[in-house]
$ cat structure_16.cif   # mmCIF, C-alpha atoms
data_structure
#
loop_
_atom_site.label_atom_id
_atom_site.label_comp_id
_atom_site.auth_asym_id
_atom_site.auth_seq_id
_atom_site.Cartn_x
_atom_site.Cartn_y
_atom_site.Cartn_z
CA MET A 1 83.36 85.26 79.35
CA GLN A 2 83.96 88.77 78.03
CA LEU A 3 85.18 91.77 80.04
CA PRO A 4 84.66 94.65 77.60
CA ASN A 5 86.59 97.77 78.59
CA LYS A 6 87.26 96.60 82.16
CA TRP A 7 90.50 98.19 83.32
CA ILE A 8 92.95 97.16 86.02
CA ILE A 9 95.49 99.80 87.02
CA THR A 10 98.02 98.26 89.38
CA ASP A 11 100.98 99.49 91.35
CA LEU A 12 104.32 97.76 90.64
CA ASP A 13 106.55 97.37 93.72
CA GLY A 14 104.86 95.37 96.45
CA THR A 15 101.81 94.72 94.25
CA LEU A 16 102.41 93.41 90.74
CA LEU A 17 106.05 92.60 91.55
CA ASN A 18 107.03 90.02 94.13
CA SER A 19 109.82 90.48 96.67
CA ARG A 20 112.37 89.47 94.00
CA GLN A 21 111.21 92.37 91.79
CA GLN A 22 109.64 89.94 89.32
CA VAL A 23 106.21 89.31 87.83
CA GLY A 24 104.98 85.80 88.69
CA GLU A 25 104.42 83.35 85.85
CA LYS A 26 100.81 82.79 86.95
CA THR A 27 100.19 86.54 86.73
CA ILE A 28 101.70 86.74 83.24
CA ARG A 29 99.50 83.89 81.96
CA ARG A 30 96.37 85.27 83.64
CA ALA A 31 97.04 88.75 82.23
CA GLU A 32 97.11 87.31 78.71
CA GLN A 33 93.76 85.63 79.34
CA PHE A 34 92.33 88.83 80.85
CA ARG A 35 93.23 90.79 77.72
CA SER A 36 91.86 88.08 75.43
CA GLN A 37 88.51 88.57 77.18
CA GLY A 38 88.55 92.30 76.41
CA GLY A 39 90.12 93.49 79.66
CA ARG A 40 92.70 96.29 79.80
CA LEU A 41 95.76 96.16 82.04
CA THR A 42 98.26 98.89 82.88
CA PHE A 43 100.13 100.19 85.90
CA ALA A 44 100.84 103.28 87.99
CA THR A 45 104.28 103.46 89.57
CA GLY A 46 106.80 105.80 91.10
CA ARG A 47 109.44 104.34 88.80
CA THR A 48 111.00 106.00 85.78
CA LEU A 49 110.38 104.81 82.22
CA VAL A 50 113.75 103.03 82.13
CA ALA A 51 112.90 101.13 85.32
CA SER A 52 109.39 100.32 84.04
CA LYS A 53 110.10 99.25 80.46
CA PRO A 54 111.02 95.62 81.27
CA PHE A 55 107.54 95.12 82.77
CA ILE A 56 105.79 96.96 79.92
CA GLU A 57 107.46 94.55 77.52
CA GLN A 58 107.03 91.44 79.66
CA LEU A 59 103.29 92.00 80.05
CA ASN A 60 102.78 93.43 76.54
CA ILE A 61 101.24 96.60 77.97
CA VAL A 62 99.65 98.71 75.22
CA GLU A 63 97.63 101.07 77.41
CA PRO A 64 99.18 104.31 78.74
CA VAL A 65 101.17 103.83 81.95
CA ILE A 66 101.49 106.25 84.87
CA LEU A 67 105.09 106.95 85.92
CA PHE A 68 106.91 109.09 88.54
CA ASN A 69 103.92 108.68 90.93
CA GLY A 70 101.69 110.59 88.50
CA ALA A 71 104.10 113.19 87.13
CA LYS A 72 104.14 111.47 83.73
CA ILE A 73 101.79 109.44 81.55
CA TYR A 74 103.49 107.41 78.83
CA ASP A 75 102.02 105.79 75.71
CA PRO A 76 104.03 102.61 74.99
CA VAL A 77 102.51 102.21 71.53
CA ARG A 78 103.52 105.67 70.30
CA GLY A 79 106.64 105.72 72.44
CA ALA A 80 105.76 109.21 73.69
CA TYR A 81 104.69 111.02 76.84
CA LEU A 82 101.07 112.15 76.87
CA GLU A 83 101.41 114.25 80.03
CA GLU A 84 104.36 115.63 82.02
CA HIS A 85 104.58 117.71 85.20
CA PHE A 86 107.60 119.38 86.80
CA LEU A 87 108.45 120.88 90.18
CA PRO A 88 108.24 124.70 90.18
CA GLN A 89 111.52 126.51 90.86
CA PRO A 90 110.72 127.90 94.37
CA TYR A 91 109.50 124.46 95.39
CA THR A 92 112.69 122.78 94.18
CA GLU A 93 115.01 125.37 95.71
CA LEU A 94 113.41 125.12 99.14
CA VAL A 95 113.52 121.31 99.25
CA LEU A 96 117.16 121.20 98.12
CA ASN A 97 118.12 123.91 100.60
CA LEU A 98 116.36 122.11 103.45
CA HIS A 99 118.19 118.91 102.59
CA SER A 100 121.63 120.52 102.26
CA THR A 101 121.31 122.40 105.56
CA THR A 102 120.02 119.38 107.53
CA LYS A 103 122.18 116.62 106.01
CA ALA A 104 124.20 116.24 109.22
CA GLN A 105 121.04 116.13 111.34
CA TYR A 106 118.94 113.65 109.35
CA GLY A 107 121.59 111.85 107.29
CA LEU A 108 119.27 111.37 104.30
CA ASP A 109 120.33 110.71 100.72
CA LEU A 110 118.91 112.95 98.00
CA LEU A 111 117.98 111.76 94.51
CA VAL A 112 116.71 114.25 91.92
CA PHE A 113 114.78 112.89 88.92
CA VAL A 114 115.28 114.99 85.80
CA ASN A 115 113.25 113.15 83.17
CA GLU A 116 115.17 109.87 82.78
CA GLN A 117 118.31 111.20 84.49
CA ILE A 118 118.84 110.71 88.23
CA TYR A 119 121.32 112.94 90.06
CA VAL A 120 122.76 112.71 93.57
CA PRO A 121 125.04 115.22 95.34
CA GLU A 122 126.69 112.37 97.27
CA TRP A 123 127.00 108.62 96.76
CA SER A 124 126.15 106.11 99.50
CA ASP A 125 125.29 102.45 100.10
CA GLU A 126 121.61 103.44 100.19
CA VAL A 127 121.87 105.08 96.76
CA GLU A 128 123.64 102.00 95.41
CA ARG A 129 120.91 99.69 96.72
CA PHE A 130 118.27 101.84 95.02
CA ARG A 131 120.26 101.81 91.77
CA MET A 132 120.52 98.02 91.85
CA LYS A 133 116.84 97.50 92.69
CA ASP A 134 115.48 99.73 89.91
CA LYS A 135 118.35 98.96 87.50
CA VAL A 136 118.85 102.63 86.64
CA ALA A 137 121.83 104.88 85.97
CA ILE A 138 122.61 107.50 88.63
CA GLN A 139 125.04 110.38 88.17
CA GLN A 140 126.75 112.37 90.90
CA LYS A 141 126.45 116.16 90.54
CA LEU A 142 127.12 119.20 92.69
CA TYR A 143 124.13 120.94 94.30
CA THR A 144 124.76 123.96 92.09
CA GLU A 145 124.56 121.82 88.95
CA ILE A 146 121.36 120.16 90.15
CA TYR A 147 119.81 123.59 90.82
CA GLY A 148 120.43 124.42 87.16
CA GLU A 149 118.07 121.61 86.12
CA TRP A 150 115.04 123.02 87.95
CA LYS A 151 112.88 123.39 84.82
CA ARG A 152 113.00 119.64 84.16
CA ILE A 153 112.76 118.07 87.63
CA ASN A 154 109.82 115.63 87.92
CA LYS A 155 110.33 114.57 91.53
CA ILE A 156 112.78 114.52 94.41
CA MET A 157 113.42 111.46 96.58
CA LEU A 158 114.90 111.19 100.10
CA LEU A 159 116.23 107.87 101.38
CA GLY A 160 117.34 106.87 104.85
CA ASP A 161 116.37 105.73 108.33
CA VAL A 162 112.60 105.30 108.64
CA GLU A 163 112.17 107.57 111.67
CA ARG A 164 114.46 110.27 110.28
CA VAL A 165 112.65 110.28 106.93
CA ASN A 166 109.38 110.85 108.79
CA GLN A 167 110.95 113.61 110.86
CA PHE A 168 112.35 115.31 107.77
CA GLN A 169 108.95 115.17 106.10
CA GLU A 170 107.36 116.85 109.12
CA TYR A 171 110.11 119.48 109.12
CA CYS A 172 109.61 120.20 105.41
CA ILE A 173 105.85 120.48 105.80
CA LYS A 174 106.32 122.99 108.61
CA MET A 175 108.84 125.03 106.62
CA PHE A 176 106.56 125.09 103.59
CA THR A 177 103.71 126.25 105.80
CA ASP A 178 105.83 129.00 107.37
CA ILE A 179 107.85 130.30 104.43
CA GLY A 180 107.25 127.99 101.48
CA PRO A 181 105.73 128.85 98.10
CA SER A 182 102.82 126.43 98.58
CA ARG A 183 101.81 123.36 100.56
CA LEU A 184 104.35 120.55 100.28
CA ASN A 185 103.16 117.65 98.14
CA SER A 186 105.05 114.70 99.60
CA VAL A 187 104.46 111.05 100.33
CA VAL A 188 106.35 108.30 102.15
CA SER A 189 105.79 105.66 99.49
CA GLU A 190 107.52 102.97 101.54
CA PRO A 191 109.31 103.00 104.91
CA GLY A 192 112.45 105.10 104.63
CA LEU A 193 111.57 106.58 101.24
CA MET A 194 110.00 110.04 100.89
CA GLU A 195 109.08 111.59 97.56
CA VAL A 196 108.34 115.23 96.73
CA LEU A 197 106.01 115.63 93.74
CA PRO A 198 104.71 118.59 91.69
CA PRO A 199 101.80 120.40 93.42
CA GLY A 200 98.50 118.56 93.02
CA ILE A 201 100.07 115.50 91.40
CA ASN A 202 99.60 111.91 92.57
CA LYS A 203 98.65 108.56 91.09
CA GLY A 204 94.96 109.31 91.55
CA SER A 205 95.10 112.63 89.66
CA ALA A 206 97.05 110.93 86.86
CA CYS A 207 94.48 108.14 86.68
CA LEU A 208 91.67 110.70 86.33
CA ARG A 209 93.60 112.28 83.46
CA LEU A 210 94.13 108.83 81.92
CA MET A 211 90.35 108.32 82.03
CA GLU A 212 89.92 111.47 79.94
CA ILE A 213 92.62 110.49 77.47
CA ALA A 214 91.30 106.95 76.98
CA GLY A 215 87.60 107.77 77.31
CA VAL A 216 87.10 105.37 80.21
CA LYS A 217 84.25 105.44 82.71
CA ARG A 218 85.12 105.50 86.42
CA GLU A 219 83.04 102.37 87.08
CA ASP A 220 85.14 100.40 84.59
CA ILE A 221 88.39 100.96 86.51
CA THR A 222 89.71 98.78 89.32
CA THR A 223 92.88 99.95 91.05
CA ILE A 224 95.22 98.01 93.31
CA GLY A 225 98.20 99.01 95.46
CA ASP A 226 100.10 98.51 98.69
CA GLY A 227 101.66 101.82 99.79
CA LEU A 228 100.61 105.28 100.89
CA ASN A 229 101.57 106.65 97.46
CA ASP A 230 98.63 104.55 96.20
CA LEU A 231 96.12 106.19 98.53
CA GLU A 232 94.54 108.59 96.01
CA LEU A 233 94.59 105.85 93.37
CA ILE A 234 92.67 103.55 95.70
CA THR A 235 90.17 106.05 97.10
CA SER A 236 89.25 107.66 93.76
CA PHE A 237 88.10 104.39 92.19
CA HIS A 238 87.07 100.85 93.09
CA GLY A 239 90.30 100.42 94.99
CA ILE A 240 91.78 97.20 96.30
CA ALA A 241 94.60 97.07 98.85
CA MET A 242 97.14 94.29 99.01
CA LYS A 243 97.22 91.83 101.91
CA ASN A 244 100.81 93.01 102.45
CA GLY A 245 99.81 96.67 102.15
CA HIS A 246 100.02 99.59 104.58
CA ALA A 247 97.36 99.51 107.31
CA ASP A 248 96.01 102.96 106.37
CA LEU A 249 95.62 101.90 102.75
CA LYS A 250 93.74 98.76 103.77
CA ALA A 251 91.38 100.86 105.90
CA ALA A 252 90.62 103.12 102.92
CA ALA A 253 90.16 100.37 100.33
CA SER A 254 86.90 98.76 99.28
CA ARG A 255 88.52 95.34 99.45
CA VAL A 256 91.76 93.69 100.63
CA THR A 257 93.29 90.77 98.74
CA GLU A 258 93.59 87.38 100.39
CA ARG A 259 96.95 86.86 98.67
CA SER A 260 100.17 88.84 98.99
CA ASN A 261 102.42 90.12 96.21
CA ASN A 262 104.43 86.88 96.57
CA GLU A 263 101.27 84.86 95.86
CA ASP A 264 100.19 86.38 92.51
CA ALA A 265 97.50 88.55 94.09
CA LEU A 266 96.70 90.11 90.70
CA VAL A 267 95.33 86.74 89.59
CA GLU A 268 92.87 86.97 92.47
CA VAL A 269 91.74 90.43 91.29
CA MET A 270 91.23 89.26 87.70
CA ASP A 271 89.28 86.24 88.91
CA MET A 272 87.14 88.54 91.05
CA LEU A 273 86.30 90.82 88.10
CA GLU A 274 85.38 87.82 85.98
CA SER A 275 83.07 86.45 88.69
CA LEU A 276 81.26 89.81 88.87
CA GLU A 277 80.43 89.54 85.16
CA VAL A 278 78.77 86.14 85.55
#

$ encode --input "structure_16.cif" --output "structure tokens"
Amino acid sequence: MQLPNKWIITDLDGTLLNSRQQVGEKTIRRAEQFRSQGGRLTFATGRTLVASKPFIEQLNIVEPVILFNGAKIYDPVRGAYLEEHFLPQPYTELVLNLHSTTKAQYGLDLLVFVNEQIYVPEWSDEVERFRMKDKVAIQQKLYTEIYGEWKRINKIMLLGDVERVNQFQEYCIKMFTDIGPSRLNSVVSEPGLMEVLPPGINKGSACLRLMEIAGVKREDITTIGDGLNDLELITSFHGIAMKNGHADLKAAASRVTERSNNEDALVEVMDMLESLEV
């Protein structure tokens, strides 16, 4: 059975990775078989390159990968970025100001992603948990020092109580509508985690750009994810939602897996693609 130029673009956390932040052995073996049949496998994630490299190496990914929820496209063969997007200065200033002036009200932690550097104005248990999960280095900096990095900021992340994160997102959207430089591009990628991205950027827009770079047809791409940050990725292509995915994502998907991320659901997707070629 051959699968010429059939692509799978998968999310990482909650999709390819199980609850222990690992790729299942069955998935690793099936991915090797999928590639031997001519299939192409890569992923789209909110993670940085540092946090993604172990999985690029473990799965022998040679296709470009989408990082920072679409703000970057990285070529692991050349070891270079093919595409990069940054937050505009007024956008960055407003978000940071809104956070600093409402810290007491919402109690959210702020993480600013400057290429592969991550800065926080204050340290907390929540920040430490994130650092341990993604296995990344985080540096504490004053707000004024973070402002100085505005030309190189790829995304901003807010962590905290689920309800307060949602409230802060609503507040930011309103402030951007009233006085902001443009409409806020934000997503709650998982409960208690809000991300602010460059205008017009998401996993779906990055995947469309990847199609152009790699010369891939839309009908040859299957996408799979579990969170709301995967929504554009799922709805722009033949999109599959995880059994353990967000209800809104499941409603928008063309198919929902029967297995969860703890049951090697990607094997199910590869098997499905193979059966369609019979």

$ axis_aligned_box --input "structure_16.cif" --around "stretch 74-80 of chain A" --padding-each-side "8 Å" --output "JSON"
{"center_x": 104.3, "center_y": 105.7, "center_z": 74.6, "size_x": 20.6, "size_y": 23.0, "size_z": 24.5}

$ closest_residue --input "structure_16.cif" --among "A:Ile8, A:Met242, A:Leu108, A:Ile118" --to "A:Leu228" --atoms "all atoms listed in the file"
A:Met242

$ atom_distance --input "structure_16.cif" --atom1 "atom CA of A:Leu12" --atom2 "atom CA of A:Phe55"
8.9 Å

$ atom_distance --input "structure_16.cif" --atom1 "atom CA of A:Val196" --atom2 "atom CA of A:Met157"
6.3 Å

$ resolve_selection --input "structure_16.cif" --expression "the PyMOL selection byres ((chain A and resi 200) around 12)" --output "compact mmCIF listing (two decimals) with C-alpha atoms, in the frame of the given file"
# COMPACT_ATOMS: atom_id res chain seq x y z
CA ASN A 69 103.92 108.68 90.93
CA GLY A 70 101.69 110.59 88.50
CA ALA A 71 104.10 113.19 87.13
CA HIS A 85 104.58 117.71 85.20
CA PHE A 86 107.60 119.38 86.80
CA LEU A 87 108.45 120.88 90.18
CA PRO A 88 108.24 124.70 90.18
CA SER A 182 102.82 126.43 98.58
CA ARG A 183 101.81 123.36 100.56
CA LEU A 184 104.35 120.55 100.28
CA ASN A 185 103.16 117.65 98.14
CA SER A 186 105.05 114.70 99.60
CA VAL A 196 108.34 115.23 96.73
CA LEU A 197 106.01 115.63 93.74
CA PRO A 198 104.71 118.59 91.69
CA PRO A 199 101.80 120.40 93.42
CA ILE A 201 100.07 115.50 91.40
CA ASN A 202 99.60 111.91 92.57
CA LYS A 203 98.65 108.56 91.09
CA GLY A 204 94.96 109.31 91.55
CA SER A 205 95.10 112.63 89.66
CA ALA A 206 97.05 110.93 86.86
CA GLU A 232 94.54 108.59 96.01

$ closest_residue --input "structure_16.cif" --among "A:Thr10, A:Thr144, A:Gln139, A:Thr102" --to "A:Gly46" --atoms "all atoms listed in the file"
A:Thr10

$ atom_distance --input "structure_16.cif" --atom1 "atom CA of A:Ala265" --atom2 "atom CA of A:Ala44"
16.3 Å

$ residues_near_point --input "structure_16.cif" --point "(111.5, 123.2, 98.0)" --cutoff "9 Å" --atoms "all atoms listed in the file" --output "VMD selection string"
chain A and resid 87 to 98 172 176 180 to 181 184 196

$ closest_residue --input "structure_16.cif" --among "A:Gly239, A:Tyr74, A:Asp13, A:Arg129" --to "A:Lys53" --atoms "only C-alpha atoms"
A:Tyr74

$ closest_residue --input "structure_16.cif" --among "A:Phe34, A:Phe43, A:Tyr147, A:Phe168" --to "A:Val188" --atoms "all atoms listed in the file"
A:Phe168

$ closest_atom_pairs --input "structure_16.cif" --of "stretch 40-99 of chain A" --to "stretch 131-137 of chain A" --cutoff "12 Å" --atoms "only C-alpha atoms" --output "CSV"
residue,atom,partner,partner_atom,distance
A:Thr45,CA,A:Asp134,CA,11.8
A:Gly46,CA,A:Asp134,CA,10.7
A:Arg47,CA,A:Asp134,CA,7.7
A:Thr48,CA,A:Val136,CA,8.6
A:Leu49,CA,A:Val136,CA,9.8
A:Val50,CA,A:Val136,CA,6.8
A:Ala51,CA,A:Asp134,CA,5.4
A:Ser52,CA,A:Asp134,CA,8.5
A:Lys53,CA,A:Lys135,CA,10.8
A:Pro54,CA,A:Lys135,CA,10.2
A:Phe55,CA,A:Asp134,CA,11.6

$ closest_residue --input "structure_16.cif" --among "A:Leu273, A:Leu110, A:Val120, A:Ile221" --to "A:Leu233" --atoms "all atoms listed in the file"
A:Ile221

$ resolve_selection --input "structure_16.cif" --expression "the PyMOL selection byres ((chain A and resi 163) around 12)" --output "ChimeraX atom specification"
/A:106-108,159-162,164-170,188,191-194

$ residues_around --input "structure_16.cif" --residues "A:Asp11" --least-positions-apart "2" --cutoff "9 Å" --atoms "all atoms listed in the file" --output "PyMOL selection string"
chain A and resi 9+13-17+42-46+223-227+230

$ residues_near_point --input "structure_16.cif" --point "(99.7, 93.1, 72.3)" --cutoff "12 Å" --atoms "all atoms listed in the file" --output "ChimeraX atom specification"
/A:31-33,35-36,38,40-41,56-63,76-77

$ closest_residue --input "structure_16.cif" --among "A:Ile66, A:Leu210, A:Val267, A:Val112" --to "A:Ile153" --atoms "all atoms listed in the file"
A:Val112

$ resolve_selection --input "structure_16.cif" --expression "the PyMOL selection byres ((chain A and resi 114) around 9)" --output "PyMOL selection string"
chain A and resi 86+112-113+115-119+149-156
